[in-house]
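A.B. asks: Following this line is structure-v5.pdb, made up of PDB, C-alpha atoms, pLDDT in the B column:
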ATOM      1  CA  MET J 211     -21.016 -27.837 -12.605  1.00 41.00           C
ATOM      2  CA  GLN J 212     -20.213 -24.272 -11.506  1.00 47.00           C
ATOM      3  CA  ASN J 213     -22.284 -21.345 -12.517  1.00 47.00           C
ATOM      4  CA  PRO J 214     -20.339 -19.512 -15.290  1.00 44.00           C
ATOM      5  CA  GLN J 215     -21.636 -16.128 -14.108  1.00 46.00           C
ATOM      6  CA  LYS J 216     -20.253 -16.754 -10.606  1.00 50.00           C
ATOM      7  CA  CYS J 217     -16.856 -17.625 -12.067  1.00 47.00           C
ATOM      8  CA  LEU J 218     -16.816 -14.405 -14.084  1.00 46.00           C
ATOM      9  CA  ASP J 219     -17.831 -12.361 -11.052  1.00 71.00           C
ATOM     10  CA  SER J 220     -14.955 -13.717  -8.982  1.00 76.00           C
ATOM     11  CA  LYS J 221     -12.485 -12.924 -11.773  1.00 81.00           C
ATOM     12  CA  ASP J 222     -13.890  -9.410 -12.076  1.00 85.00           C
ATOM     13  CA  GLU J 223     -13.699  -8.973  -8.318  1.00 85.00           C
ATOM     14  CA  LYS J 224     -10.102 -10.162  -8.271  1.00 88.00           C
ATOM     15  CA  SER J 225      -9.080  -7.800 -11.078  1.00 88.00           C
ATOM     16  CA  LEU J 226     -10.825  -4.888  -9.337  1.00 88.00           C
ATOM     17  CA  ARG J 227      -9.029  -5.738  -6.093  1.00 89.00           C
ATOM     18  CA  ILE J 228      -5.654  -5.833  -7.861  1.00 90.00           C
ATOM     19  CA  LYS J 229      -6.290  -2.497  -9.588  1.00 89.00           C
ATOM     20  CA  TYR J 230      -7.376  -0.921  -6.314  1.00 90.00           C
ATOM     21  CA  LEU J 231      -4.286  -2.223  -4.486  1.00 91.00           C
ATOM     22  CA  ARG J 232      -1.993  -0.920  -7.222  1.00 91.00           C
ATOM     23  CA  ARG J 233      -3.616   2.491  -6.996  1.00 91.00           C
ATOM     24  CA  LEU J 234      -3.200   2.473  -3.214  1.00 92.00           C
ATOM     25  CA  GLN J 235       0.473   1.558  -3.574  1.00 93.00           C
ATOM     26  CA  LYS J 236       1.051   4.241  -6.199  1.00 92.00           C
ATOM     27  CA  PHE J 237      -0.586   6.839  -3.978  1.00 93.00           C
ATOM     28  CA  ALA J 238       1.363   5.687  -0.904  1.00 94.00           C
ATOM     29  CA  ASN J 239       4.693   5.741  -2.765  1.00 94.00           C
ATOM     30  CA  SER J 240       3.979   9.266  -3.962  1.00 93.00           C
ATOM     31  CA  ALA J 241       3.075  10.371  -0.440  1.00 93.00           C
ATOM     32  CA  ILE J 242       6.156   8.769   1.113  1.00 94.00           C
ATOM     33  CA  CYS J 243       8.456  10.410  -1.447  1.00 94.00           C
ATOM     34  CA  ALA J 244       6.866  13.790  -0.754  1.00 92.00           C
ATOM     35  CA  LEU J 245       7.181  13.315   3.016  1.00 92.00           C
ATOM     36  CA  LYS J 246      10.867  12.384   2.818  1.00 92.00           C
ATOM     37  CA  LYS J 247      11.883  15.450   0.817  1.00 91.00           C
ATOM     38  CA  GLU J 248      14.273  17.812   2.566  1.00 90.00           C
ATOM     39  CA  ASP J 249      12.244  20.863   1.554  1.00 91.00           C
ATOM     40  CA  PHE J 250       8.884  19.499   2.735  1.00 90.00           C
ATOM     41  CA  ASN J 251       6.063  22.008   2.356  1.00 90.00           C
ATOM     42  CA  PRO J 252       2.710  21.031   3.934  1.00 90.00           C
ATOM     43  CA  GLN J 253       0.749  23.154   1.473  1.00 92.00           C
ATOM     44  CA  LYS J 254       2.374  21.501  -1.558  1.00 92.00           C
ATOM     45  CA  PHE J 255       1.908  18.090   0.059  1.00 92.00           C
ATOM     46  CA  GLN J 256      -1.797  18.773   0.509  1.00 92.00           C
ATOM     47  CA  GLU J 257      -2.149  19.896  -3.113  1.00 92.00           C
ATOM     48  CA  LYS J 258      -0.308  16.814  -4.357  1.00 92.00           C
ATOM     49  CA  MET J 259      -2.457  14.462  -2.277  1.00 92.00           C
ATOM     50  CA  LEU J 260      -5.661  16.064  -3.545  1.00 91.00           C
ATOM     51  CA  LYS J 261      -4.386  15.742  -7.099  1.00 91.00           C
ATOM     52  CA  ASN J 262      -3.454  12.095  -6.533  1.00 89.00           C
ATOM     53  CA  GLN J 263      -6.871  11.422  -5.044  1.00 89.00           C
ATOM     54  CA  ALA J 264      -8.074  11.264  -8.655  1.00 84.00           C
ATOM     55  CA  PHE J 265      -6.569   7.735  -8.787  1.00 76.00           C
ATOM     56  CA  PHE J 266      -9.508   6.512  -6.758  1.00 77.00           C
ATOM     57  CA  GLU J 267     -12.177   8.156  -8.886  1.00 80.00           C
ATOM     58  CA  LYS J 268     -11.355   5.752 -11.725  1.00 75.00           C
ATOM     59  CA  SER J 269     -12.390   2.647  -9.841  1.00 73.00           C
ATOM     60  CA  PRO J 270     -14.584   1.876  -6.845  1.00 80.00           C
ATOM     61  CA  ALA J 271     -13.163   0.977  -3.466  1.00 84.00           C
ATOM     62  CA  VAL J 272     -12.897  -2.745  -2.840  1.00 86.00           C
ATOM     63  CA  ARG J 273     -13.070  -4.493   0.505  1.00 88.00           C
ATOM     64  CA  LEU J 274      -9.600  -5.597   1.630  1.00 86.00           C
ATOM     65  CA  TYR J 275      -8.891  -8.451   4.006  1.00 87.00           C
ATOM     66  CA  ALA J 276      -5.097  -8.772   4.247  1.00 85.00           C
ATOM     67  CA  GLY J 277      -3.360  -6.915   7.056  1.00 89.00           C
ATOM     68  CA  TYR J 278      -0.874  -5.091   4.836  1.00 90.00           C
ATOM     69  CA  ALA J 279      -3.591  -4.032   2.407  1.00 91.00           C
ATOM     70  CA  ARG J 280      -5.794  -2.687   5.204  1.00 93.00           C
ATOM     71  CA  ASN J 281      -2.875  -0.774   6.709  1.00 93.00           C
ATOM     72  CA  LEU J 282      -2.041   0.614   3.279  1.00 93.00           C
ATOM     73  CA  GLU J 283      -5.616   1.831   2.962  1.00 92.00           C
ATOM     74  CA  HIS J 284      -5.395   3.337   6.463  1.00 93.00           C
ATOM     75  CA  PHE J 285      -2.169   5.167   5.535  1.00 94.00           C
ATOM     76  CA  VAL J 286      -3.751   6.614   2.393  1.00 92.00           C
ATOM     77  CA  GLY J 287      -6.724   7.767   4.448  1.00 91.00           C
ATOM     78  CA  ALA J 288      -4.372   9.386   6.959  1.00 92.00           C
ATOM     79  CA  CYS J 289      -2.583  11.235   4.142  1.00 92.00           C
ATOM     80  CA  LEU J 290      -5.907  12.583   2.894  1.00 91.00           C
ATOM     81  CA  ASP J 291      -6.980  13.592   6.409  1.00 88.00           C
ATOM     82  CA  PHE J 292      -4.481  16.518   6.595  1.00 89.00           C
ATOM     83  CA  SER J 293      -4.810  16.702  10.386  1.00 90.00           C
ATOM     84  CA  LYS J 294      -1.743  14.523  11.005  1.00 90.00           C
ATOM     85  CA  SER J 295       1.741  15.956  11.181  1.00 91.00           C
ATOM     86  CA  LYS J 296       4.651  14.973   8.967  1.00 91.00           C
ATOM     87  CA  GLU J 297       6.208  12.926  11.783  1.00 93.00           C
ATOM     88  CA  GLU J 298       3.009  10.965  12.377  1.00 94.00           C
ATOM     89  CA  LEU J 299       2.673  10.193   8.670  1.00 93.00           C
ATOM     90  CA  LEU J 300       6.324   9.130   8.439  1.00 93.00           C
ATOM     91  CA  SER J 301       5.819   6.867  11.436  1.00 93.00           C
ATOM     92  CA  LEU J 302       2.825   5.249   9.722  1.00 93.00           C
ATOM     93  CA  ALA J 303       4.855   4.905   6.511  1.00 93.00           C
ATOM     94  CA  ASN J 304       7.735   3.225   8.357  1.00 93.00           C
ATOM     95  CA  THR J 305       5.358   0.816  10.073  1.00 92.00           C
ATOM     96  CA  LEU J 306       3.807   0.004   6.710  1.00 92.00           C
ATOM     97  CA  ASP J 307       7.239  -0.574   5.185  1.00 90.00           C
ATOM     98  CA  LYS J 308       8.249  -2.868   8.059  1.00 89.00           C
ATOM     99  CA  GLN J 309       5.087  -4.896   7.602  1.00 88.00           C
ATOM    100  CA  LYS J 310       5.717  -5.180   3.871  1.00 86.00           C
ATOM    101  CA  ASN J 311       9.299  -6.350   4.421  1.00 83.00           C
ATOM    102  CA  GLN J 312       8.241  -8.760   7.161  1.00 81.00           C
ATOM    103  CA  ASN J 313       6.181 -10.735   4.646  1.00 68.00           C
ATOM    104  CA  LYS J 314       9.220 -11.389   2.469  1.00 70.00           C
ATOM    105  CA  LYS J 315      10.935 -14.705   2.968  1.00 65.00           C
ATOM    106  CA  GLN J 316      14.281 -14.263   4.670  1.00 64.00           C
ATOM    107  CA  LYS J 317      17.319 -15.978   3.245  1.00 64.00           C
ATOM    108  CA  HIS J 318      18.837 -18.568   5.524  1.00 64.00           C
ATOM    109  CA  LYS J 319      22.536 -17.682   5.293  1.00 64.00           C
ATOM    110  CA  ASN J 320      24.090 -20.422   7.376  1.00 64.00           C
ATOM    111  CA  TYR J 321      22.315 -23.404   5.918  1.00 62.00           C
ATOM    112  CA  LEU J 322      25.581 -25.146   4.921  1.00 61.00           C
ATOM    113  CA  LYS J 323      26.914 -25.143   8.491  1.00 62.00           C
ATOM    114  CA  GLU J 324      23.975 -27.272   9.585  1.00 59.00           C
ATOM    115  CA  TYR J 325      24.851 -30.000   7.079  1.00 60.00           C
ATOM    116  CA  GLU J 326      28.638 -30.035   7.556  1.00 58.00           C
ATOM    117  CA  GLY J 327      28.572 -30.911  11.199  1.00 51.00           C
TER
END
Output the file's structure as structure tokens, nothing else.
C.D. replies:
Amino acid sequence: MQNPQKCLDSKDEKSLRIKYLRRLQKFANSAICALKKEDFNPQKFQEKMLKNQAFFEKSPAVRLYAGYARNLEHFVGACLDFSKSKEELLSLANTLDKQKNQNKKQKHKNYLKEYEG
């Protein structure tokens, strides 16, 4: 029989991981929206990122293993670094978006043609 405390710990760890990932995604979405604005102001971007950094004070950082999650964490760290230019951050954001879309299952459009033949 499994140890009930171990089972609870894994559930707590999973819920902490999910909360942390959601906070990372919320932060990244906010950063990407700010970067894509026509009237981008680096000073306002920096203020917004520092304000949004409060998301992470609510919960501790959790170790991430998936590639997308680690890259998301890297992007958030790059946004908080303030030494990267807008173009570099947009490049990282586009790479992150490509990786996210790559994991989605693609629809096989011509599946009927294979069976008609």
A.B. asks: From the options J:Ile242, J:Lys258, J:Asp249, J:Leu306, which residue's atoms come nearest to J:Glu283, counting all atoms listed in the file?
C.D. replies: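 Closest residue, counting all atoms listed in the file: J:Leu306.
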A.B. asks: Kindly indicate which residue among J:Arg273, J:Gly287, J:Glu297, J:Asp307 lies nearest to J:Phe237, using only C-alpha atoms for the distances.
C.D. replies: J:Gly287
A.B. asks: For this structure, which residues satisfy the selection - the PyMOL selection byres ((chain J and resi 304) around 12) - when it is evaluated on the file as given? I want them as a list in words.
C.D. replies: Ala238, Asn239, Ile242, Leu245, Lys246, Asn281, Leu282, Phe285, Glu297, Glu298, Leu299, Leu300, Ser301, Leu302, Ala303, Thr305, Leu306, Asp307, Lys308, Gln309, Lys310 and Asn311 of chain J
A.B. asks: Identify all residues satisfying the PyMOL selection byres ((chain J and resi 274) around 12) in the given file; provide them as a list in words.
C.D. replies: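 Matching residues under the PyMOL selection byres ((chain J and resi 274) around 12) are Glu223, Lys224, Leu226, Arg227, Ile228, Tyr230, Leu231, Leu234, Ala271, Val272, Arg273, Tyr275, Ala276, Gly277, Tyr278, Ala279, Arg280, Asn281, Leu282, Glu283 and His284 of chain J.
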A.B. asks: For a quick check of understanding, using all atoms listed in the file, which of J:Ser269, J:Gln312, J:Asn262, J:Ser225 has the smallest distance to J:Ala241?
C.D. replies: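 Looking at the shortest contact to J:Ala241, the residue is J:Asn262.
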A.B. asks: Hey, can you check how far atom CA of J:Ala264 sits from atom CA of J:Ser295?
C.D. replies: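 Value for the atom CA of J:Ala264-atom CA of J:Ser295 distance: 22.6 Å.
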A.B. asks: Go through J:Leu290, J:Ser220, J:Lys236, J:Lys296 and flag the residue nearest J:Glu248, using all atoms listed in the file for the distances.
C.D. replies: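 Residue with the minimum atom-to-atom distance to J:Glu248: J:Lys296.
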A.B. asks: Let me have the centre and edge lengths of the axis-aligned box enclosing all listed atoms of stretch 239-258 of chain J with 4 Å padding on every side, in Å to one decimal, as AutoDock Vina command-line options.
C.D. replies:
--center_x 6.1 --center_y 14.4 --center_z -0.2 --size_x 24.4 --size_y 25.4 --size_z 16.3
A.B. asks: Report, in Å to a single decimal, how far apart atom CA of J:Leu260 and atom CA of J:Ser293 are.
C.D. replies: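 Distance reported for this atom pair: 14.0 Å.
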A.B. asks: Fix up stretch 276-287 of chain J with all heavy atoms, then write it as an mmCIF file, in the frame of the given file.
C.D. replies:
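Final output, selection_5.cif:
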data_model
loop_
_atom_site.group_PDB
_atom_site.id
_atom_site.type_symbol
_atom_site.label_atom_id
_atom_site.label_comp_id
_atom_site.auth_asym_id
_atom_site.auth_seq_id
_atom_site.Cartn_x
_atom_site.Cartn_y
_atom_site.Cartn_z
ATOM 1 N N ALA J 276 -6.460 -8.549 3.775
ATOM 2 C CA ALA J 276 -5.097 -8.772 4.247
ATOM 3 C C ALA J 276 -4.652 -7.612 5.132
ATOM 4 O O ALA J 276 -5.040 -6.461 4.927
ATOM 5 C CB ALA J 276 -4.153 -8.929 3.059
ATOM 6 N N GLY J 277 -3.820 -7.917 6.104
ATOM 7 C CA GLY J 277 -3.360 -6.915 7.056
ATOM 8 C C GLY J 277 -2.597 -5.778 6.398
ATOM 9 O O GLY J 277 -2.839 -4.600 6.682
ATOM 10 N N TYR J 278 -1.660 -6.122 5.517
ATOM 11 C CA TYR J 278 -0.874 -5.091 4.836
ATOM 12 C C TYR J 278 -1.775 -4.199 3.989
ATOM 13 O O TYR J 278 -1.631 -2.975 3.998
ATOM 14 C CB TYR J 278 0.217 -5.728 3.967
ATOM 15 C CG TYR J 278 0.902 -4.744 3.064
ATOM 16 C CD1 TYR J 278 1.805 -3.815 3.576
ATOM 17 C CD2 TYR J 278 0.639 -4.713 1.697
ATOM 18 C CE1 TYR J 278 2.424 -2.886 2.759
ATOM 19 C CE2 TYR J 278 1.249 -3.791 0.869
ATOM 20 C CZ TYR J 278 2.149 -2.881 1.401
ATOM 21 O OH TYR J 278 2.741 -1.967 0.583
ATOM 22 N N ALA J 279 -2.703 -4.796 3.283
ATOM 23 C CA ALA J 279 -3.591 -4.032 2.407
ATOM 24 C C ALA J 279 -4.474 -3.082 3.223
ATOM 25 O O ALA J 279 -4.681 -1.927 2.833
ATOM 26 C CB ALA J 279 -4.452 -4.970 1.568
ATOM 27 N N ARG J 280 -4.965 -3.549 4.359
ATOM 28 C CA ARG J 280 -5.794 -2.687 5.204
ATOM 29 C C ARG J 280 -4.981 -1.542 5.785
ATOM 30 O O ARG J 280 -5.452 -0.409 5.870
ATOM 31 C CB ARG J 280 -6.455 -3.493 6.318
ATOM 32 C CG ARG J 280 -7.679 -4.240 5.817
ATOM 33 C CD ARG J 280 -8.484 -4.797 6.940
ATOM 34 N NE ARG J 280 -7.904 -6.099 7.260
ATOM 35 C CZ ARG J 280 -7.924 -6.649 8.459
ATOM 36 N NH1 ARG J 280 -8.501 -6.047 9.451
ATOM 37 N NH2 ARG J 280 -7.384 -7.826 8.662
ATOM 38 N N ASN J 281 -3.732 -1.829 6.183
ATOM 39 C CA ASN J 281 -2.875 -0.774 6.709
ATOM 40 C C ASN J 281 -2.486 0.221 5.624
ATOM 41 O O ASN J 281 -2.337 1.411 5.900
ATOM 42 C CB ASN J 281 -1.626 -1.370 7.357
ATOM 43 C CG ASN J 281 -1.942 -2.050 8.668
ATOM 44 O OD1 ASN J 281 -2.974 -1.788 9.284
ATOM 45 N ND2 ASN J 281 -1.073 -2.937 9.107
ATOM 46 N N LEU J 282 -2.322 -0.270 4.409
ATOM 47 C CA LEU J 282 -2.041 0.614 3.279
ATOM 48 C C LEU J 282 -3.214 1.563 3.056
ATOM 49 O O LEU J 282 -3.036 2.767 2.868
ATOM 50 C CB LEU J 282 -1.771 -0.226 2.028
ATOM 51 C CG LEU J 282 -1.396 0.495 0.749
ATOM 52 C CD1 LEU J 282 -0.059 1.193 0.895
ATOM 53 C CD2 LEU J 282 -1.327 -0.495 -0.405
ATOM 54 N N GLU J 283 -4.411 1.025 3.123
ATOM 55 C CA GLU J 283 -5.616 1.831 2.962
ATOM 56 C C GLU J 283 -5.732 2.861 4.101
ATOM 57 O O GLU J 283 -6.104 4.007 3.879
ATOM 58 C CB GLU J 283 -6.835 0.921 2.927
ATOM 59 C CG GLU J 283 -8.088 1.553 2.427
ATOM 60 C CD GLU J 283 -9.208 0.554 2.250
ATOM 61 O OE1 GLU J 283 -9.316 -0.402 3.049
ATOM 62 O OE2 GLU J 283 -9.985 0.719 1.306
ATOM 63 N N HIS J 284 -5.372 2.435 5.309
ATOM 64 C CA HIS J 284 -5.395 3.337 6.463
ATOM 65 C C HIS J 284 -4.386 4.470 6.274
ATOM 66 O O HIS J 284 -4.674 5.633 6.590
ATOM 67 C CB HIS J 284 -5.108 2.560 7.745
ATOM 68 C CG HIS J 284 -4.961 3.413 8.954
ATOM 69 N ND1 HIS J 284 -6.019 4.069 9.542
ATOM 70 C CD2 HIS J 284 -3.864 3.746 9.676
ATOM 71 C CE1 HIS J 284 -5.585 4.755 10.579
ATOM 72 N NE2 HIS J 284 -4.279 4.576 10.683
ATOM 73 N N PHE J 285 -3.194 4.151 5.769
ATOM 74 C CA PHE J 285 -2.169 5.167 5.535
ATOM 75 C C PHE J 285 -2.640 6.192 4.498
ATOM 76 O O PHE J 285 -2.451 7.390 4.667
ATOM 77 C CB PHE J 285 -0.850 4.516 5.085
ATOM 78 C CG PHE J 285 0.200 5.507 4.685
ATOM 79 C CD1 PHE J 285 0.842 6.275 5.635
ATOM 80 C CD2 PHE J 285 0.552 5.673 3.358
ATOM 81 C CE1 PHE J 285 1.805 7.207 5.278
ATOM 82 C CE2 PHE J 285 1.509 6.589 2.981
ATOM 83 C CZ PHE J 285 2.147 7.364 3.944
ATOM 84 N N VAL J 286 -3.240 5.708 3.435
ATOM 85 C CA VAL J 286 -3.751 6.614 2.393
ATOM 86 C C VAL J 286 -4.830 7.523 2.982
ATOM 87 O O VAL J 286 -4.859 8.726 2.723
ATOM 88 C CB VAL J 286 -4.274 5.811 1.185
ATOM 89 C CG1 VAL J 286 -5.051 6.693 0.236
ATOM 90 C CG2 VAL J 286 -3.122 5.134 0.461
ATOM 91 N N GLY J 287 -5.695 6.959 3.791
ATOM 92 C CA GLY J 287 -6.724 7.767 4.448
ATOM 93 C C GLY J 287 -6.119 8.813 5.372
ATOM 94 O O GLY J 287 -6.597 9.951 5.441
#
